[in-house]
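Here is the file my_file-v1.cif (mmCIF, C-alpha atoms and all ligand atoms).
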data_entry
loop_
_atom_site.label_atom_id
_atom_site.label_comp_id
_atom_site.auth_asym_id
_atom_site.auth_seq_id
_atom_site.Cartn_x
_atom_site.Cartn_y
_atom_site.Cartn_z
CA MET A 123 95.64 96.90 82.47
CA SER A 124 98.59 99.22 81.98
CA LEU A 125 98.64 102.45 83.94
CA GLY A 126 100.92 104.14 81.43
CA GLY A 127 98.80 105.77 78.79
CA GLY A 128 102.00 107.46 77.61
CA ARG A 129 101.73 110.27 80.13
CA GLY A 130 105.00 109.44 81.83
CA GLY A 131 104.78 111.38 85.07
CA VAL A 132 105.45 108.77 87.78
CA ARG A 133 108.67 109.44 89.68
CA HIS A 134 108.64 106.63 92.25
CA LEU A 135 109.20 102.94 91.51
CA TYR A 136 108.76 100.02 93.94
CA VAL A 137 110.27 96.66 93.00
CA HIS A 138 109.18 93.59 94.97
CA LEU A 139 111.73 90.83 95.55
CA PRO A 140 109.83 88.11 97.44
CA PHE A 141 112.51 85.52 98.18
CA CYS A 142 113.60 84.87 101.80
CA GLY A 143 115.94 82.38 103.48
CA HIS A 144 113.13 81.33 105.82
CA ARG A 145 109.74 82.59 106.86
CA CYS A 146 109.53 84.53 110.15
CA GLY A 147 106.36 83.61 112.06
CA TYR A 148 105.04 87.20 112.39
CA CYS A 149 105.37 88.17 108.73
CA ASP A 150 102.50 88.36 106.24
CA PHE A 151 104.31 90.02 103.35
CA VAL A 152 104.30 88.33 99.94
CA THR A 153 107.32 86.05 100.41
CA LEU A 154 108.65 82.76 99.07
CA VAL A 155 111.25 80.64 100.82
CA GLY A 156 114.33 79.63 98.81
CA ARG A 157 113.44 79.06 95.13
CA ALA A 158 117.03 79.73 94.04
CA GLY A 159 116.23 78.13 90.68
CA GLU A 160 113.58 80.77 89.99
CA HIS A 161 115.44 83.98 90.85
CA GLY A 162 116.67 84.43 87.28
CA ARG A 163 113.26 83.91 85.73
CA TYR A 164 111.74 86.29 88.24
CA VAL A 165 114.23 89.04 87.36
CA ASP A 166 113.46 88.43 83.65
CA ALA A 167 109.78 88.89 84.45
CA LEU A 168 110.38 92.07 86.48
CA LEU A 169 112.31 93.58 83.59
CA ALA A 170 109.60 92.56 81.13
CA GLU A 171 106.96 94.15 83.38
CA LEU A 172 109.05 97.31 83.64
CA GLU A 173 109.18 97.53 79.84
CA LEU A 174 105.38 97.19 79.65
CA GLU A 175 105.00 100.01 82.18
CA ARG A 176 107.82 102.28 81.07
CA ALA A 177 105.49 104.81 79.46
CA ALA A 178 104.05 105.60 82.89
CA LEU A 179 107.45 106.61 84.28
CA ALA A 180 108.97 110.06 84.14
CA PRO A 181 112.25 110.36 82.20
CA ARG A 182 114.07 110.84 85.51
CA LEU A 183 112.99 108.99 88.66
CA GLU A 184 113.26 110.46 92.14
CA THR A 185 113.25 107.17 94.03
CA ILE A 186 113.41 103.42 93.61
CA PHE A 187 112.75 101.06 96.52
CA LEU A 188 113.63 97.35 96.35
CA GLY A 189 111.56 95.72 99.08
CA GLY A 190 110.62 92.23 100.04
CA GLY A 191 110.83 89.58 101.04
CA THR A 192 114.56 89.85 101.36
CA PRO A 193 115.96 91.60 98.27
CA THR A 194 119.51 90.74 99.38
CA PHE A 195 118.63 87.03 99.47
CA THR A 196 118.11 87.14 95.69
CA SER A 197 121.11 85.42 94.09
CA ALA A 198 123.88 87.99 93.74
CA SER A 199 124.25 87.77 89.96
CA GLU A 200 120.50 88.25 89.46
CA LEU A 201 120.33 91.15 91.90
CA ALA A 202 123.24 92.79 90.06
CA ARG A 203 121.53 92.22 86.70
CA LEU A 204 118.32 93.79 87.99
CA LEU A 205 120.05 96.82 89.53
CA ALA A 206 122.04 97.41 86.35
CA ALA A 207 118.86 97.41 84.25
CA LEU A 208 116.77 99.73 86.43
CA PRO A 209 116.50 103.39 85.47
CA ALA A 210 118.63 105.90 87.36
CA ALA A 211 117.12 107.61 90.42
CA ASP A 212 118.21 110.11 93.05
CA GLU A 213 117.50 107.68 95.90
CA VAL A 214 117.80 103.91 95.45
CA THR A 215 116.97 101.95 98.62
CA VAL A 216 117.42 98.23 99.14
CA GLU A 217 115.98 96.31 102.10
CA ALA A 218 118.47 93.88 103.57
CA ASN A 219 118.45 91.15 106.20
CA PRO A 220 121.62 91.36 108.30
CA GLU A 221 122.76 87.77 107.71
CA THR A 222 122.84 88.37 103.94
CA VAL A 223 125.06 91.47 104.08
CA THR A 224 128.56 90.18 103.35
CA PRO A 225 131.39 92.57 102.37
CA GLU A 226 130.94 91.31 98.78
CA LEU A 227 127.22 92.08 98.81
CA ALA A 228 127.97 95.57 100.19
CA VAL A 229 130.35 96.18 97.27
CA LEU A 230 127.76 94.89 94.79
CA LEU A 231 125.13 97.30 96.12
CA ARG A 232 127.53 100.21 96.15
CA GLU A 233 128.76 99.54 92.63
CA HIS A 234 125.23 99.27 91.27
CA GLY A 235 124.00 102.68 92.30
CA VAL A 236 122.27 101.86 95.59
CA THR A 237 122.31 104.98 97.79
CA ARG A 238 120.51 103.75 100.89
CA VAL A 239 120.22 100.41 102.69
CA SER A 240 117.47 99.54 105.15
CA VAL A 241 118.65 96.78 107.49
CA GLY A 242 116.05 94.69 109.35
CA ALA A 243 117.61 94.53 112.80
CA GLN A 244 114.29 94.15 114.72
CA SER A 245 116.04 93.68 118.11
CA PHE A 246 119.49 93.21 119.63
CA ARG A 247 118.31 90.86 122.41
CA PRO A 248 118.91 87.18 121.55
CA HIS A 249 115.82 85.97 123.48
CA LEU A 250 113.58 88.39 121.55
CA LEU A 251 115.15 87.52 118.20
CA ALA A 252 114.35 83.90 119.06
CA VAL A 253 110.68 84.79 119.72
CA LEU A 254 110.60 86.47 116.29
CA GLU A 255 112.32 83.42 114.73
CA ARG A 256 115.01 85.69 113.30
CA HIS A 257 118.19 84.06 112.07
CA ALA A 258 120.48 87.08 112.45
CA THR A 259 122.33 87.46 115.75
CA PRO A 260 123.02 90.94 117.23
CA ALA A 261 126.62 90.46 116.07
CA ALA A 262 125.36 89.88 112.52
CA VAL A 263 123.37 93.14 112.64
CA ARG A 264 126.49 95.04 113.68
CA ALA A 265 128.64 93.26 111.08
CA ALA A 266 126.13 94.20 108.37
CA VAL A 267 126.28 97.88 109.30
CA TYR A 268 130.10 97.80 109.44
CA ALA A 269 130.27 96.10 106.04
CA LEU A 270 128.01 98.79 104.52
CA ARG A 271 129.96 101.60 106.19
CA GLY A 272 133.18 99.95 105.00
CA VAL A 273 132.27 100.48 101.36
CA GLY A 274 131.09 104.05 101.92
CA PHE A 275 127.32 103.88 102.55
CA ASP A 276 126.35 107.09 104.34
CA ASN A 277 122.61 106.48 104.48
CA ILE A 278 121.71 103.41 106.51
CA SER A 279 118.37 102.77 108.14
CA LEU A 280 117.63 100.22 110.86
CA ASP A 281 114.22 98.63 111.45
CA LEU A 282 113.32 97.87 115.05
CA LEU A 283 110.22 96.22 116.49
CA TYR A 284 108.71 96.90 119.91
CA GLY A 285 105.99 95.04 121.73
CA ILE A 286 107.73 91.70 121.17
CA PRO A 287 106.27 89.19 123.68
CA GLY A 288 108.61 89.10 126.70
CA GLN A 289 110.19 92.49 125.89
CA SER A 290 110.50 94.57 129.07
CA ALA A 291 110.81 98.36 129.04
CA ALA A 292 114.49 97.86 129.95
CA ASP A 293 114.90 95.54 126.91
CA LEU A 294 113.47 98.27 124.71
CA GLU A 295 115.82 100.89 126.18
CA ARG A 296 118.77 98.57 125.52
CA ASP A 297 117.61 97.93 121.95
CA LEU A 298 117.43 101.67 121.34
CA SER A 299 120.90 102.19 122.85
CA ASP A 300 122.36 99.39 120.75
CA ALA A 301 120.76 100.79 117.60
CA LEU A 302 121.97 104.33 118.37
CA ALA A 303 125.50 103.07 118.99
CA LEU A 304 125.61 102.15 115.29
CA GLU A 305 124.80 105.78 114.39
CA PRO A 306 122.24 105.01 111.67
CA GLU A 307 121.07 107.97 109.61
CA HIS A 308 117.50 106.67 109.87
CA LEU A 309 115.44 104.41 112.14
CA SER A 310 112.01 102.84 111.64
CA CYS A 311 110.43 101.61 114.89
CA TYR A 312 107.26 99.61 114.44
CA GLU A 313 104.91 98.19 117.01
CA LEU A 314 104.76 94.46 116.35
CA GLU A 315 101.37 93.68 114.84
CA ALA A 316 99.52 90.39 115.06
CA LYS A 317 98.88 89.73 111.37
CA PRO A 318 95.83 87.53 110.84
CA GLY A 319 96.60 83.96 109.86
CA THR A 320 100.28 83.97 110.84
CA ARG A 321 101.89 81.33 113.10
CA PHE A 322 102.91 84.13 115.41
CA THR A 323 99.36 85.39 115.90
CA HIS A 324 98.21 81.85 116.62
CA THR A 325 100.80 81.57 119.40
CA PHE A 326 101.04 85.12 120.76
CA GLY A 327 97.88 86.92 119.57
CA ASN A 328 96.27 86.97 123.03
CA GLU A 329 99.46 88.22 124.64
CA LEU A 330 99.72 91.07 122.14
CA ALA A 331 96.10 92.03 122.87
CA ARG A 332 96.79 91.99 126.65
CA GLN A 333 99.83 94.25 126.38
CA ALA A 334 98.19 96.75 123.96
CA GLU A 335 97.86 99.47 126.62
CA ALA A 336 101.51 99.25 127.65
CA MET A 337 102.41 100.01 124.04
CA GLU A 338 101.47 103.69 124.40
CA ASP A 339 104.21 103.95 127.01
CA TYR A 340 106.66 102.02 124.80
CA PHE A 341 105.89 104.32 121.87
CA GLU A 342 106.59 107.38 124.03
CA ARG A 343 109.85 105.86 125.20
CA VAL A 344 110.91 105.31 121.58
CA VAL A 345 110.08 108.89 120.60
CA ASP A 346 111.68 110.43 123.74
CA ARG A 347 114.86 108.42 123.41
CA LEU A 348 115.36 109.05 119.71
CA THR A 349 114.43 112.74 119.70
CA GLY A 350 116.68 113.14 122.77
CA ALA A 351 119.51 111.65 120.72
CA GLY A 352 119.09 114.26 117.95
CA TYR A 353 116.70 112.43 115.62
CA ARG A 354 113.77 114.09 113.92
CA TRP A 355 110.46 112.28 114.51
CA TYR A 356 109.24 113.05 111.02
CA GLU A 357 106.63 110.29 110.66
CA THR A 358 104.71 108.23 113.21
CA ALA A 359 107.20 105.33 113.10
CA ASN A 360 110.16 106.98 111.37
CA PHE A 361 113.12 109.01 112.56
CA CYS A 362 116.13 110.52 110.84
CA VAL A 363 119.19 112.40 112.01
CA ASP A 364 118.16 116.03 112.25
CA PRO A 365 119.67 118.17 109.46
CA GLU A 366 121.52 120.26 112.03
CA HIS A 367 123.45 117.14 113.10
CA ALA A 368 123.84 115.97 109.49
CA GLU A 369 125.54 118.87 107.75
CA GLY A 370 122.15 120.04 106.52
CA ARG A 371 121.25 116.74 104.82
CA ASP A 372 117.59 115.81 104.68
CA LEU A 373 117.72 112.15 105.65
CA ARG A 374 114.01 111.37 105.51
CA ALA A 375 113.15 108.32 103.38
CA ARG A 376 112.21 110.06 100.15
CA HIS A 377 110.44 107.03 98.71
CA ASN A 378 108.15 106.60 101.69
CA LEU A 379 107.61 110.36 101.89
CA ALA A 380 106.12 110.09 98.42
CA TYR A 381 103.55 107.55 99.73
CA TRP A 382 102.69 109.69 102.74
CA ARG A 383 102.31 112.77 100.55
CA GLY A 384 99.95 110.95 98.21
CA ARG A 385 102.24 110.99 95.16
CA ASP A 386 101.75 108.49 92.32
CA TYR A 387 103.98 105.40 92.39
CA LEU A 388 104.43 102.34 90.26
CA GLY A 389 105.02 98.91 91.81
CA ILE A 390 106.34 95.90 89.90
CA GLY A 391 106.63 92.28 90.98
CA ILE A 392 104.27 89.85 92.69
CA GLY A 393 101.86 91.44 95.17
CA ALA A 394 103.09 94.93 94.23
CA VAL A 395 100.70 97.87 94.49
CA SER A 396 100.63 100.90 92.19
CA THR A 397 98.66 104.11 92.54
CA VAL A 398 98.56 106.24 89.41
CA GLN A 399 96.09 108.94 88.39
CA GLY A 400 93.36 107.95 90.79
CA ARG A 401 93.57 104.22 90.23
CA ARG A 402 95.08 101.56 92.46
CA ARG A 403 96.28 98.28 91.09
CA ARG A 404 97.54 95.15 92.85
CA THR A 405 99.45 92.47 90.99
CA THR A 406 98.80 88.80 91.70
CA PRO A 407 100.81 87.36 94.60
CA ARG A 408 101.07 84.02 92.71
CA LEU A 409 104.54 83.47 91.28
CA GLY A 410 103.44 80.91 88.66
CA ALA A 411 100.73 83.12 87.18
CA TYR A 412 103.05 86.15 87.21
CA LEU A 413 105.92 84.37 85.44
CA ALA A 414 103.67 82.67 82.90
CA ALA A 415 101.97 85.91 81.84
CA LEU A 416 105.20 87.84 81.42
CA ASP A 417 106.80 84.91 79.59
CA ARG A 418 104.04 85.34 77.02
CA GLY A 419 104.71 89.09 76.90
CA GLU A 420 101.38 89.79 78.61
CA GLU A 421 100.52 91.81 81.70
CA PRO A 422 100.31 89.71 84.87
CA PRO A 423 96.88 89.22 86.48
CA ARG A 424 95.95 92.29 88.51
CA GLU A 425 93.13 93.69 90.56
CA LEU A 426 92.15 97.23 89.71
CA GLU A 427 90.47 99.51 92.20
CA PRO A 428 89.24 102.95 91.18
CA LEU A 429 89.91 105.58 93.82
CA PRO A 430 87.09 108.12 93.77
CA PRO A 431 88.16 111.65 94.80
CA SER A 432 86.46 111.22 98.21
CA VAL A 433 88.68 108.18 98.96
CA GLN A 434 91.77 110.01 97.69
CA ARG A 435 91.04 112.93 100.00
CA ARG A 436 90.58 110.66 103.04
CA GLU A 437 93.82 108.84 102.28
CA ARG A 438 95.60 112.16 101.92
CA VAL A 439 94.44 113.16 105.43
CA LEU A 440 95.18 109.74 106.99
CA LEU A 441 98.68 109.55 105.54
CA GLY A 442 99.57 113.25 105.58
CA LEU A 443 98.85 113.63 109.29
CA ARG A 444 101.42 110.93 110.06
CA LEU A 445 104.08 113.50 109.12
CA ASP A 446 105.49 116.35 111.18
CA GLU A 447 104.65 118.79 108.38
CA PRO A 448 101.23 120.42 107.96
CA ILE A 449 98.87 119.41 105.16
CA ALA A 450 97.10 122.11 103.17
CA LEU A 451 93.37 122.14 103.85
CA ARG A 452 92.56 123.45 100.38
CA GLY A 453 90.73 120.72 98.48
CA LEU A 454 90.46 118.54 101.58
CA ASP A 455 87.65 120.37 103.39
CA GLU A 456 85.09 117.74 102.39
CA ALA A 457 87.22 115.06 104.07
CA ILE A 458 87.65 116.97 107.32
CA ASP A 459 85.03 117.52 109.99
CA LEU A 460 85.66 121.19 110.82
CA ALA A 461 83.73 121.01 114.11
CA ALA A 462 85.93 118.08 115.20
CA LEU A 463 89.01 120.04 114.12
CA GLY A 464 87.92 122.91 116.39
CA ARG A 465 87.44 120.49 119.30
CA LEU A 466 90.85 118.87 118.73
CA GLU A 467 92.47 122.30 118.58
CA ARG A 468 90.96 123.23 121.92
CA LEU A 469 92.26 119.94 123.37
CA GLY A 470 95.74 120.78 122.08
CA LEU A 471 95.82 117.76 119.74
CA ALA A 472 95.70 119.51 116.34
CA GLU A 473 96.93 122.86 115.08
CA ARG A 474 95.73 125.02 112.23
CA THR A 475 98.13 127.44 110.58
CA ARG A 476 96.92 130.27 108.42
CA GLY A 477 98.30 132.43 105.69
CA GLY A 478 100.68 132.09 102.79
CA ASP A 479 99.79 131.17 99.23
CA ALA A 480 98.81 127.65 100.27
CA GLY A 481 96.06 129.00 102.57
CA GLU A 482 95.17 127.17 105.76
CA SER A 483 96.89 123.97 106.77
CA VAL A 484 96.62 121.49 109.62
CA ALA A 485 99.02 119.27 111.57
CA LEU A 486 98.80 117.21 114.73
CA THR A 487 100.60 118.53 117.81
CA THR A 488 103.11 116.29 119.58
CA ARG A 489 100.37 115.07 121.93
CA GLY A 490 98.08 114.50 118.96
CA ARG A 491 100.79 112.47 117.23
CA PHE A 492 101.16 110.19 120.25
CA LEU A 493 97.45 109.42 120.03
CA GLY A 494 97.84 109.13 116.25
CA GLY A 495 95.17 107.13 114.47
CA GLY A 496 92.42 107.94 117.02
CA VAL A 497 92.81 111.69 116.49
CA THR A 498 92.92 111.36 112.71
CA ALA A 499 89.82 109.14 112.74
CA GLU A 500 87.95 111.83 114.67
CA LEU A 501 89.03 114.47 112.16
CA LEU A 502 87.64 112.63 109.17
CA ALA A 503 84.21 113.79 108.07
C1 LIG B 1 109.01 93.97 104.22
S1 LIG B 1 109.60 93.73 105.84
C2 LIG B 1 111.00 92.85 105.42
C3 LIG B 1 112.37 93.31 105.55
C4 LIG B 1 113.37 92.22 105.76
N1 LIG B 1 113.07 91.03 105.02
C5 LIG B 1 113.47 91.85 107.22
O1 LIG B 1 112.89 90.87 107.61
O2 LIG B 1 114.15 92.58 107.94
C6 LIG B 1 109.97 95.35 106.35
C7 LIG B 1 109.76 95.61 107.82
O3 LIG B 1 108.42 95.43 108.19
C8 LIG B 1 108.37 95.23 109.59
N2 LIG B 1 107.37 94.18 109.89
C9 LIG B 1 107.26 92.97 109.33
N3 LIG B 1 106.23 92.29 109.90
C10 LIG B 1 105.70 93.08 110.86
C11 LIG B 1 104.65 92.94 111.81
N4 LIG B 1 103.94 91.82 111.92
N5 LIG B 1 104.38 94.01 112.62
C12 LIG B 1 105.09 95.14 112.54
N6 LIG B 1 106.11 95.31 111.68
C13 LIG B 1 106.41 94.30 110.85
C14 LIG B 1 109.76 94.78 110.04
O4 LIG B 1 110.34 95.73 110.89
C15 LIG B 1 110.53 94.70 108.73
O5 LIG B 1 111.86 95.09 108.88
S1 LIG B 2 110.21 89.34 108.08
FE1 LIG B 2 111.60 89.64 106.35
S2 LIG B 2 112.88 87.77 106.33
FE2 LIG B 2 111.15 87.33 107.62
S3 LIG B 2 109.71 86.31 106.23
FE3 LIG B 2 109.15 88.50 106.28
S4 LIG B 2 110.22 89.42 104.60
FE4 LIG B 2 111.17 87.39 104.95
#
Could I get this file's structure written as structure tokens?
Ligand SMILES: C[S@@+](CC[C@H](N)C(=O)[O-])C[C@H]1O[C@@H](n2cnc3c(N)ncnc32)[C@H](O)[C@@H]1O
Ligand code: SF4
Amino acid sequence: MSLGGGRGGVRHLYVHLPFCGHRCGYCDFVTLVGRAGEHGRYVDALLAELELERAALAPRLETIFLGGGTPTFTSASELARLLAALPAADEVTVEANPETVTPELAVLLREHGVTRVSVGAQSFRPHLLAVLERHATPAAVRAAVYALRGVGFDNISLDLLYGIPGQSAADLERDLSDALALEPEHLSCYELEAKPGTRFTHTFGNELARQAEAMEDYFERVVDRLTGAGYRWYETANFCVDPEHAEGRDLRARHNLAYWRGRDYLGIGIGAVSTVQGRRRRTTPRLGAYLAALDRGEEPPRELEPLPPSVQRRERVLLGLRLDEPIALRGLDEAIDLAALGRLERLGLAERTRGGDAGESVALTTRGRFLGGGVTAELLA
């Protein structure tokens, strides 16, 4: 079912490009290996789906995010055709695997309106990249960043993982130093998760469970090192160069900020999720069914989930408290246990601010943010 209804207010578009050169053992995203012969048909289907959904979109988009999979593994001519056909937006991000970022690809992205590239570095230690089954060497990560810089990209993000089996605290410190040496505008640092059903979890699941406690220390190291280097810890796992070191630029990921702030977004492609006007929709992850439906000019199979206001409020609290900005309490009081909030304030884990037109608002303190999910769970009514 279309989410459009002709209202046209959605300002954030996610486009899923599922193809990858190989499948990394720890990954459970909707991905397909190779399939070069199907890239063109997939882009046709994406553009057909976009047409079906266009009425939901605002005349001017704020952000577009091409995620995967490995968007930059999509054959170059098809990626160019897709980028050329997408609406304009203030921020256009593309996820890239280092080994796919050639100087030619960098030019293609630059010439097709991409403003931001998110490079999946994951680690700079060869033995850890091997554990992750990554194909990019540390040299390839650096070469990718240089190629992007070479054509003028001034908003590059690096993804790093910590908690990789065999990763010592010293390995983590070296990974952070190597990432910082590339002077990225933005860094995402995720704790490696054991995703159910993956090869990785089969092999390393017990080890990840054993090291879970050490991860609090690793998380603190990440935050200390990056904030010490002038980065703003603006979301649990995300950091950007502080505006005062960036000529006043706000380098937060605008697309992801929209998710964390509970804005509506439209997702197209297999497995893509949309949330519009209190309804969530997930498109089939099956390529065949997706292509066949759009070939016929029909909507692809989708699951629709209504989001009652109580669920929306809880999500708003869960996501909003990941940020370093307060969330307004107005309208959320039913989702928040005020007695628990009082307790957390006394423990120095949450902070209420009063006044202004927005009324009262709440944020986690630095200590509260380190404890993260546990504190938020306690706050929920
Ligand atoms: C959609 S993925 C793919 C991006 C790109 N294909 C790559 O591999 O670099 C985006 C990010 O999610 C993170 N990620 C993937 N699997 C993860 C896992 N099991 N636990 C934690 N983070 C994960 C990685 O840091 C990755 O860069
Ligand atoms: S981690 Fe990235 S490259 Fe590896 S399978 Fe997942 S999406 Fe593809």
Surrounding residues of His308 of chain A excluding itself and chain neighbours under 4 positions, 7 Å, only C-alpha atoms, as a VMD selection string: chain A and resid 278 to 280 361 to 363 373
I need the chosen residues saved as an mmCIF file, in the coordinates of the input, with C-alpha atoms.
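Wrote selection.cif, looks like this:
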data_model
loop_
_atom_site.group_PDB
_atom_site.id
_atom_site.type_symbol
_atom_site.label_atom_id
_atom_site.label_comp_id
_atom_site.auth_asym_id
_atom_site.auth_seq_id
_atom_site.Cartn_x
_atom_site.Cartn_y
_atom_site.Cartn_z
ATOM 1 C CA ILE A 278 121.710 103.410 106.510
ATOM 2 C CA SER A 279 118.370 102.770 108.140
ATOM 3 C CA LEU A 280 117.630 100.220 110.860
ATOM 4 C CA PHE A 361 113.120 109.010 112.560
ATOM 5 C CA CYS A 362 116.130 110.520 110.840
ATOM 6 C CA VAL A 363 119.190 112.400 112.010
ATOM 7 C CA LEU A 373 117.720 112.150 105.650
#
Restrict the calculation to all atoms listed in the file, then for each residue of chain A with any atom at most 12 Å from an atom of ligand LIG 2 (chain B) give the closest atom pair and their distance in Å to one decimal, rows by chain and rising residue number, as a Markdown table.
| residue | atom | partner | partner_atom | distance |
| --- | --- | --- | --- | --- |
| A:His138 | CA | B:LIG2 | S4 | 10.5 |
| A:Leu139 | CA | B:LIG2 | S4 | 9.3 |
| A:Pro140 | CA | B:LIG2 | S4 | 7.3 |
| A:Phe141 | CA | B:LIG2 | FE4 | 7.2 |
| A:Cys142 | CA | B:LIG2 | FE4 | 4.7 |
| A:Gly143 | CA | B:LIG2 | S2 | 6.8 |
| A:His144 | CA | B:LIG2 | S3 | 6.1 |
| A:Arg145 | CA | B:LIG2 | S3 | 3.8 |
| A:Cys146 | CA | B:LIG2 | FE2 | 4.1 |
| A:Gly147 | CA | B:LIG2 | S3 | 7.2 |
| A:Tyr148 | CA | B:LIG2 | S1 | 7.1 |
| A:Cys149 | CA | B:LIG2 | FE3 | 4.5 |
| A:Asp150 | CA | B:LIG2 | FE3 | 6.7 |
| A:Phe151 | CA | B:LIG2 | FE3 | 5.9 |
| A:Val152 | CA | B:LIG2 | S4 | 7.6 |
| A:Thr153 | CA | B:LIG2 | FE4 | 6.1 |
| A:Leu154 | CA | B:LIG2 | FE4 | 7.9 |
| A:Val155 | CA | B:LIG2 | FE4 | 7.9 |
| A:Gly156 | CA | B:LIG2 | FE4 | 10.4 |
| A:Leu188 | CA | B:LIG2 | S4 | 11.9 |
| A:Gly189 | CA | B:LIG2 | S4 | 8.5 |
| A:Gly190 | CA | B:LIG2 | S4 | 5.4 |
| A:Gly191 | CA | B:LIG2 | S4 | 3.6 |
| A:Thr192 | CA | B:LIG2 | S4 | 5.4 |
| A:Pro193 | CA | B:LIG2 | S4 | 8.8 |
| A:Thr194 | CA | B:LIG2 | S2 | 10.1 |
| A:Phe195 | CA | B:LIG2 | S2 | 9.0 |
| A:Thr196 | CA | B:LIG2 | FE4 | 11.6 |
| A:Glu217 | CA | B:LIG2 | FE1 | 9.0 |
| A:Ala218 | CA | B:LIG2 | FE1 | 8.5 |
| A:Asn219 | CA | B:LIG2 | S2 | 6.5 |
| A:Pro220 | CA | B:LIG2 | S2 | 9.7 |
| A:Glu221 | CA | B:LIG2 | S2 | 10.0 |
| A:Thr222 | CA | B:LIG2 | S2 | 10.3 |
| A:Ser240 | CA | B:LIG2 | FE1 | 11.6 |
| A:Val241 | CA | B:LIG2 | FE1 | 10.1 |
| A:Gly242 | CA | B:LIG2 | FE1 | 7.4 |
| A:Ala243 | CA | B:LIG2 | FE1 | 10.1 |
| A:Gln244 | CA | B:LIG2 | S1 | 9.2 |
| A:Leu251 | CA | B:LIG2 | FE2 | 11.3 |
| A:Leu254 | CA | B:LIG2 | S1 | 8.7 |
| A:Glu255 | CA | B:LIG2 | FE2 | 8.2 |
| A:Arg256 | CA | B:LIG2 | FE2 | 7.1 |
| A:His257 | CA | B:LIG2 | S2 | 8.7 |
| A:Ala258 | CA | B:LIG2 | S2 | 9.8 |
| A:Asp281 | CA | B:LIG2 | FE1 | 10.7 |
| A:Leu282 | CA | B:LIG2 | S1 | 11.4 |
| A:Leu283 | CA | B:LIG2 | S1 | 10.9 |
| A:Leu314 | CA | B:LIG2 | S1 | 11.1 |
| A:Glu315 | CA | B:LIG2 | S1 | 11.9 |
| A:Lys317 | CA | B:LIG2 | FE3 | 11.5 |
| A:Thr320 | CA | B:LIG2 | S3 | 10.8 |
| A:Arg321 | CA | B:LIG2 | S3 | 11.5 |
| A:Phe322 | CA | B:LIG2 | S1 | 11.6 |
Distance query Glu342 of chain A at most 8 Å, all atoms listed in the file, self and fewer than 4 positions along chain excluded, as a ChimeraX atom specification: /A:338,346,492
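Those residues that approach Leu172 of chain A to within 10 Å, counting all atoms listed in the file, are Leu135, Val137, Asp166, Ala167, Leu168, Leu169, Glu175, Arg176, Ala177, Ala178, Leu179, Ala207, Leu208, Pro209, Leu388, Gly389, Ile390 and Gly391 of chain A; same-chain residues fewer than 3 positions away are not listed.
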For atom CA of Arg354 of chain A and atom CA of Glu305 of chain A, the interatomic separation in Å (one decimal):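 These atoms are spaced 13.8 Å apart.
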Selected residue, from A:Leu270, A:Ala170, A:Ala211, A:Ala262, that lies nearest to Val229 of chain A when counting all atoms listed in the file: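 Of A:Leu270, A:Ala170, A:Ala211, A:Ala262, the one nearest Val229 of chain A is A:Leu270, counting all atoms listed in the file.
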Draw an axis-aligned box over all listed atoms of ligand LIG 1 (chain B), pad each side with 6 Å, and write its centre and edge lengths in Å, one decimal, as lines of an AutoDock Vina configuration file.
center_x = 109.0
center_y = 93.3
center_z = 108.4
size_x = 22.2
size_y = 16.9
size_z = 20.4
Proximity to His134 of chain A - best of A:Gln289, A:Ser197, A:Asn328, A:Thr397, all atoms listed in the file: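 Comparing A:Gln289, A:Ser197, A:Asn328, A:Thr397 against His134 of chain A, the winner is A:Thr397.
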Of the listed residues A:Leu205, A:Gly285, A:Leu230, A:Ala269, that which approaches ligand LIG 1 (chain B) most closely, counting only C-alpha atoms and all ligand atoms: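 Checking each candidate against ligand LIG 1 (chain B), we get A:Gly285 as the closest.
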